[in-house]
Amino acid sequence: MDELLSDFVAEAREMLAALAGEIVAWEADPSDRARLDAIFRFFHTVKGNCGFFDFAQLEALSHAAEDALSEVRAARRVPDAAFVNAVLAMIDRIAWMIEAIDSGEDISTADDAELIAELAGASEGSGEIAVGAEPSGDVGFANRSAGALRSVRLPIELLDRVMSGVSDMVLARNELARRIGDLPEGVGLDGPFNRLSSILADVRDAITRTRMQRIETLFTGFPRLVRDLAGELGKQVLVEIEGGDVELDREMIEIIRDPLVHIIRNSIDHGIECPADRRAAGKREIGLLRIAARQTGNQIQIAVSDDGRGIDGDALVAKAVASGTLGSDEAERLTAAEKILLVCEPGLSTADKITAVSGRGVGMDVVRANIERVGGNLAIHSTPGLDTRIMLSLPLTLSIVPALTVQVGDQRFAIPRSYVEEIFHVDPAGANLLRAGGRTFLKVREGRVACADLGATLGMAASPIKGGRCMVLVRLTIGDPFAIAVDQALDHHDLVVKPIAPVVMQTGLYVGTTQLEDGSPILMLDMGAVGQIAGLTGEAEGRARRTARDEAVEDQAAGEVPVLLFIDLKGRRRAVRVGVVKRYEEVDAAAIGCEGGNAHVVIDGAILPLAGLEAGEVPSGRIEVLRLEDGASEVVFAIDRVIDSSAYSGALTAAEGRDLVAGLTLIDGEAVEVLDPLAIFARFGAQIAPARQPVCRIPAQDAWMQDFLRPIVEGAGYLVIDERAGGEADVSISLDQADGEEGRLADKAPIVRLRSTPQADPGGEGSIYRYDRQAVLDALKAARMRRSA
Amino acid sequence: MTDLVLIVEIAGERAAFRAGDVQSVVELESLTPVPRAPAYVAGVSALRSRPLTVIDAAAALGLEPGKAGLGGRKAVIAEFDRFLYALLVDGIEDAVPATSELLPLPGKLSAQWQRVALGLAETAAGAVLVIDARMLLAGPEARSAA
């Protein structure tokens with residue numbers, strides 16, 4: 001009997017748990033038949049089960065509910081609000097009874113007549129019923145909730161109040177800590193204070209979790225938004241949403257709502273073309289918009305991508321130069337990625353016309369500002385004509401940041417503790433310091449790290465880095481660690497960091513501001529920006545890197561030759577004069593080609609000679625390159641990686657027999673080969689003229705080729721033409737055609753044959769399965785070699 | 001216009017904010033400078049644990065900035081776009097009802113003032129130049145939206 005009873009309780013509980021969602025949905029739409037049926041089944045099952053036991057009250061209740069619901073199912077009764085409330089009250093009462101039965105209490109004392117009467121008469125407009133009303137019986141509350149997961153609904157304002165209360169408690173705790181520190185030892189406060197601290201940490205943790213919300217709550221509105229916008233603009237857009245289960249601080253969700261909506265509007269309005277244009281461009285008529293969220297560590301990444309017309313970086317540059325936001329000399333130095341980021345400059349937009357949907361003026365600059373205001377950042381990737389990808393990286397929460405406070409001059413700053421690896425003092429004699437090329441390096445255990453003075457970086461009074469200085473070793477998420485000299489490292493604090501006005505955030509140096517326990521305001525530094533401004537982050541993106549280089553050049557003491565130190569593909573330490581280096585970037589190995597023993601690479605649509613490779617050797621994956629220039633032409637030098645900017649002085653030691661090397665010097669105590677730009681340009685620079693972009697012919701009518709294949713072929717450095725275009729092609733591609741069928745191709749270009757089936761086709765000898773990317777690329781390369789031979 | 005205006009002194013001249021633009025007048029206790037921020041940003045402070053961006057009103061006009069630090073200056077608190085700002089002014093005269101609508105300016109002002117000027121208002125304390133607090137916050141580079 002006991003076993004049967006516990007089975008009954010367990011089943012009822014299970015059904016109640018499953019019903020919880022149905023009830024809420026039914027409440028929203030009482031005419032929803034499926035939900036109604038589910039609730040009806042619940043009462044029916046309970047009633048049936050009661051037959052085995054002697055639970056008269058429970059049976060009476062469920063019977064009454066079942067009756068009432070069948071009236072509704074038979075459409076003899078309309079479920080109004082009062083009826084819904086009565087049913088909900090009934091469910092709650094049954095849940096209570098189940099718990100009471102489980103704890104072995106007597107439920108016969110409960111008086112349900114009123115509930116039953118309410119349900120029977122509910123539709124006649126009777127009074128209110130308190131949902132989940134406590135019965136008058138004397139079942140203990142504690143017993144009742146045993147074993148059951150319960151949830152409550154709370155107004156968000158209440159949660160916010162609790163959160164800000166907890167934040168204030170943390171501040172008060174901090175002040176208390178300071179006061180206790182001032183007291184003489186042994187007053188016996190340490191124990192209770194530590195207990196308070198750990199409880200507070202738990203509470204903070206819990207309350208932070210209550211504020212987390214699935215990003216789904218934000219995403220669910222997007223399909224509708226996209227549908228409406230697309231309809232308004234006469235476009236067809238398919239939305240794909242991914243990662244809705246990623247959780248994010250509720251406040252953060254609110255903050256990114258508008259920026260995301262704006263990005264989506266932009267994508268549909270300016271990105272995705274109208275069906276006719278898409279057809280003409282060889283794309284599917286339906287545009288694809290993807291919104292995806294991912295959590296990586298303590299960051300959330302949200303990507304919005306579309307397969308529309310992309311962002312035209314050059315048009316942006318032209319606009320920026322025309323409007324005076326950008327100098328024309330500065331414009332020439334921008335990388336492709338930087339050009340696209342111009343879309344975030346105030347007042348720039350490539351849209352030719354103003355539309356009702358995304359308008360003009362208020363644009364991506366506002367989006368970026370809003371994202372950066374909460375310590376996030378925005379990146380845009382786009383291939384003109386193909387796609388646009390906008391990535392937002394956001395911190396998980398806005399709440400409390402553990403921080404280190406430091407003193408510079410008479411001012412204090414906070415540094416997020418997660419970046420701080422170590423705090424130490426330079427030995428008094430300064431023996432571990434090394435000055436080279438206008439930089440100071442510090443030996444930390446095995447390695448050397450670049451240093452900068454925080455005061456100087458911030459434009460305050462600078463003080464030299466010397467023996468005895470206090471250093472903070474900082475490690476960012478990417479790149480080498482670096483050290484920042486401060487006057488004093490003060491203390492660890494838990495700070496409630498708040499965003500501050502745009503005019504301050506625009507400096508890019510600060511994450512926000514907060515108050516110390518004594519109430520004084522303090523700025524929290526963005527260590528990434530500090531590193532960039534100080535020129536310490538070797539792998540920082542574009543502009544900053546170049547700025548650092550320019551400054552390094554200016555800082556150069558007389559007689560010193562500034563160089564960029566790097567490791568070449570054979571692992572040798574080499575250096576090249578900074579003045580020769582136009583840019584440092586990464587290229588896809590697919591863009592590298594070899595013709596007659598001379599390598600070249602396609603960058604931004606131009607074919608450039610490539611040095612630094614062994615003859616005949618073609619790397620794979622992505623490789624780093626230095627773009628060298630002599631003012632008129634350009635040579636690309638493939639390298640393994642850049643170490644740092646540095647300098648040498650004095651004459652070079654001759655290096656006989658070493659190719660392209662001007663001589664040897666010592667940098668940081670190690671021998672370094674310094675490249676001879678004259679020799680490099682003499683040998684490689686001359687190739688520019690004969691090198692010509694290879695041409696590949698692809699049938700214009702074949703949608704698969706145009707959509708799938710063409711990007712790969714173009715990525716490999718080919719100019720793509722179709723059969724209608726005149727001129728010689730270096731190679732043609734055909735799909736599913738036997739040897740000889742391509743007769744209509746006039747020229748004698750070698751043909752790469754593709755087939756649709758993975759199995760080798762006996763008829764099409766030498767054909768390649770069309771999704772075998774590597775084989776296709778190899779064939780393209782081989783075909784060209786044959787041609788040029 | 002029967003609205004209140006707050007008459008203040010900036011760079012030795014009288015001017016007034018519309019009372020609707022400002023929240024309160026306070027004397028700040030602390031000021032933390034912001035390195036590398038534009039010169040018209042005097043620093044940051046806090047008001048009832050909310051961050052406060054402190055603007056030197058004279059510098060924001062493009063005039064000679066006031067002395068560094070607070071120097072006993074009063075701060076006019078205003079909120080725009082959910083951020084709190086404090087405008088440091090040389091003095092606070094009074095909050096008085098305007099007895100007239102905003103009147104067009106009888107002539108051209110100096111460029112710095114022209115940019116932020118809304119018009120003249122008659123008050124019991126005489127006619128005053130009413131200026132736009134939001135324009136002032138945007139700093140000397142900002143151009144009028146009009």
# chains A, B, ... in the order shown; residues from 1 in each chain; ligands from 1
call {"tool": "interface_residues", "arguments": {"of": "chain B", "to": "chain A", "cutoff": "6 Å", "atoms": "only C-alpha atoms", "output": "list in words"}}
result
Pro35, Ala37, Ser45 and Phe83 of chain B
call {"tool": "write_last_selection", "arguments": {"atoms": "N, CA, C and O atoms", "output": "mmCIF file, in the first residue's frame"}}
result
data_model
loop_
_atom_site.group_PDB
_atom_site.id
_atom_site.type_symbol
_atom_site.label_atom_id
_atom_site.label_comp_id
_atom_site.auth_asym_id
_atom_site.auth_seq_id
_atom_site.Cartn_x
_atom_site.Cartn_y
_atom_site.Cartn_z
ATOM 1 N N PRO B 35 42.629 61.956 -17.067
ATOM 2 C CA PRO B 35 43.709 62.164 -18.025
ATOM 3 C C PRO B 35 43.257 61.852 -19.446
ATOM 4 O O PRO B 35 42.505 60.915 -19.659
ATOM 5 N N ALA B 37 41.226 63.263 -21.318
ATOM 6 C CA ALA B 37 39.876 63.664 -21.713
ATOM 7 C C ALA B 37 39.978 65.091 -22.257
ATOM 8 O O ALA B 37 40.954 65.792 -21.991
ATOM 9 N N SER B 45 33.116 62.847 -10.597
ATOM 10 C CA SER B 45 32.786 62.903 -9.196
ATOM 11 C C SER B 45 31.599 61.969 -8.987
ATOM 12 O O SER B 45 31.260 61.197 -9.883
ATOM 13 N N PHE B 83 22.903 59.983 -18.266
ATOM 14 C CA PHE B 83 24.160 60.265 -17.583
ATOM 15 C C PHE B 83 24.015 61.563 -16.804
ATOM 16 O O PHE B 83 23.391 62.511 -17.276
#
call {"tool": "residues_around", "arguments": {"residues": "Arg50 of chain B", "least_positions_apart": "3", "cutoff": "8 Å", "atoms": "only C-alpha atoms", "output": "JSON, numbers by chain"}}
result
{"B": [46, 47, 84]}
call {"tool": "residues_around", "arguments": {"residues": "Leu120 of chain B", "least_positions_apart": "2", "cutoff": "7 Å", "atoms": "only C-alpha atoms", "output": "list in words"}}
result
Leu102, Leu103, Pro104, Leu105, Glu122, Ala127, Val128, Leu129 and Val130 of chain B
call {"tool": "residues_around", "arguments": {"residues": "segment 93-95 of chain B", "least_positions_apart": "4", "cutoff": "12 Å", "atoms": "only C-alpha atoms", "output": "PyMOL selection string"}}
result
chain B and resi 3-10+13-20+22+24-25+74+76+89+123-126+128
call {"tool": "select_by_dssp", "arguments": {"residues": "chain B", "states": "strand (DSSP E)", "output": "JSON, numbers by chain"}}
result
{"B": [4, 5, 6, 7, 8, 9, 10, 13, 14, 15, 16, 17, 18, 24, 25, 26, 41, 42, 43, 44, 45, 46, 47, 50, 51, 52, 53, 54, 55, 56, 74, 75, 76, 77, 78, 79, 80, 83, 84, 85, 86, 87, 88, 89, 91, 92, 93, 94, 95, 96, 97, 117, 118, 119, 120, 121, 128, 129, 130, 131]}
call {"tool": "write_last_selection", "arguments": {"atoms": "C-alpha atoms", "output": "short mmCIF file (atom, residue, chain, number, x, y, z; two decimals), in the first residue's frame"}}
result
data_model
loop_
_atom_site.label_atom_id
_atom_site.label_comp_id
_atom_site.auth_asym_id
_atom_site.auth_seq_id
_atom_site.Cartn_x
_atom_site.Cartn_y
_atom_site.Cartn_z
CA LEU B 4 11.74 79.13 -13.96
CA VAL B 5 15.20 79.97 -15.11
CA LEU B 6 18.36 79.51 -13.11
CA ILE B 7 20.62 82.53 -13.40
CA VAL B 8 24.31 81.71 -13.16
CA GLU B 9 27.61 83.40 -13.82
CA ILE B 10 29.95 81.89 -16.39
CA GLU B 13 28.85 86.97 -17.63
CA ARG B 14 25.27 86.33 -16.60
CA ALA B 15 23.43 83.53 -18.27
CA ALA B 16 20.50 81.32 -17.42
CA PHE B 17 19.52 77.67 -17.78
CA ARG B 18 15.95 76.59 -18.19
CA SER B 24 19.81 70.76 -8.63
CA VAL B 25 22.71 72.90 -7.57
CA VAL B 26 25.33 71.33 -5.36
CA VAL B 41 36.02 67.86 -18.78
CA ALA B 42 37.11 68.93 -15.32
CA GLY B 43 36.90 65.39 -14.02
CA VAL B 44 34.56 62.87 -12.49
CA SER B 45 32.79 62.90 -9.20
CA ALA B 46 29.85 61.17 -7.60
CA LEU B 47 26.45 62.28 -6.45
CA ARG B 50 25.88 57.88 -9.12
CA PRO B 51 28.81 58.79 -11.33
CA LEU B 52 29.01 62.41 -12.31
CA THR B 53 30.92 63.89 -15.22
CA VAL B 54 32.10 67.34 -14.27
CA ILE B 55 32.22 69.95 -17.04
CA ASP B 56 33.91 73.33 -16.82
CA LYS B 74 29.09 75.60 -7.53
CA ALA B 75 27.93 72.80 -9.79
CA VAL B 76 24.66 72.70 -11.71
CA ILE B 77 23.49 69.10 -12.02
CA ALA B 78 21.81 68.02 -15.23
CA GLU B 79 20.90 64.65 -16.64
CA PHE B 80 21.03 63.82 -20.33
CA PHE B 83 24.16 60.26 -17.58
CA LEU B 84 24.56 62.78 -14.81
CA TYR B 85 26.62 65.89 -15.46
CA ALA B 86 27.81 68.69 -13.23
CA LEU B 87 28.42 72.07 -14.86
CA LEU B 88 30.94 74.11 -12.91
CA VAL B 89 29.93 77.77 -12.93
CA GLY B 91 28.36 81.62 -9.30
CA ILE B 92 24.66 80.97 -8.83
CA GLU B 93 22.51 84.07 -8.66
CA ASP B 94 18.93 82.88 -8.32
CA ALA B 95 16.14 80.80 -9.71
CA VAL B 96 13.44 83.19 -10.90
CA PRO B 97 10.32 82.89 -13.03
CA ALA B 117 22.15 80.67 -26.95
CA LEU B 118 18.42 79.95 -26.97
CA GLY B 119 17.18 83.52 -26.60
CA LEU B 120 16.51 86.26 -24.10
CA ALA B 121 14.08 85.98 -21.22
CA VAL B 128 19.03 87.23 -19.17
CA LEU B 129 20.51 85.15 -21.92
CA VAL B 130 19.04 81.64 -21.77
CA ILE B 131 21.45 78.97 -22.89
#
call {"tool": "residues_around", "arguments": {"residues": "segment 404-409 of chain A", "least_positions_apart": "2", "cutoff": "7 Å", "atoms": "only C-alpha atoms", "output": "list in words"}}
result
Gln411, Arg412, Phe413, Ala414, Ile415, Pro416, Arg417, Gly455, Val486, Asp487, Gln488, Ala489, Leu490, Asp491, His492 and His493 of chain A
call {"tool": "atom_distance", "arguments": {"atom1": "atom CA of Asp630 of chain A", "atom2": "atom CA of Ala606 of chain A"}}
result
16.4 Å
call {"tool": "atom_distance", "arguments": {"atom1": "atom CA of Val444 of chain A", "atom2": "atom CA of Arg574 of chain A"}}
result
23.6 Å
call {"tool": "atom_distance", "arguments": {"atom1": "atom CA of Ala591 of chain A", "atom2": "atom CA of Pro711 of chain A"}}
result
11.8 Å
call {"tool": "closest_residue", "arguments": {"among": "A:Lys235, A:Arg577, A:Arg173, A:Arg710", "to": "Leu628 of chain A", "atoms": "only C-alpha atoms"}}
result
A:Arg577
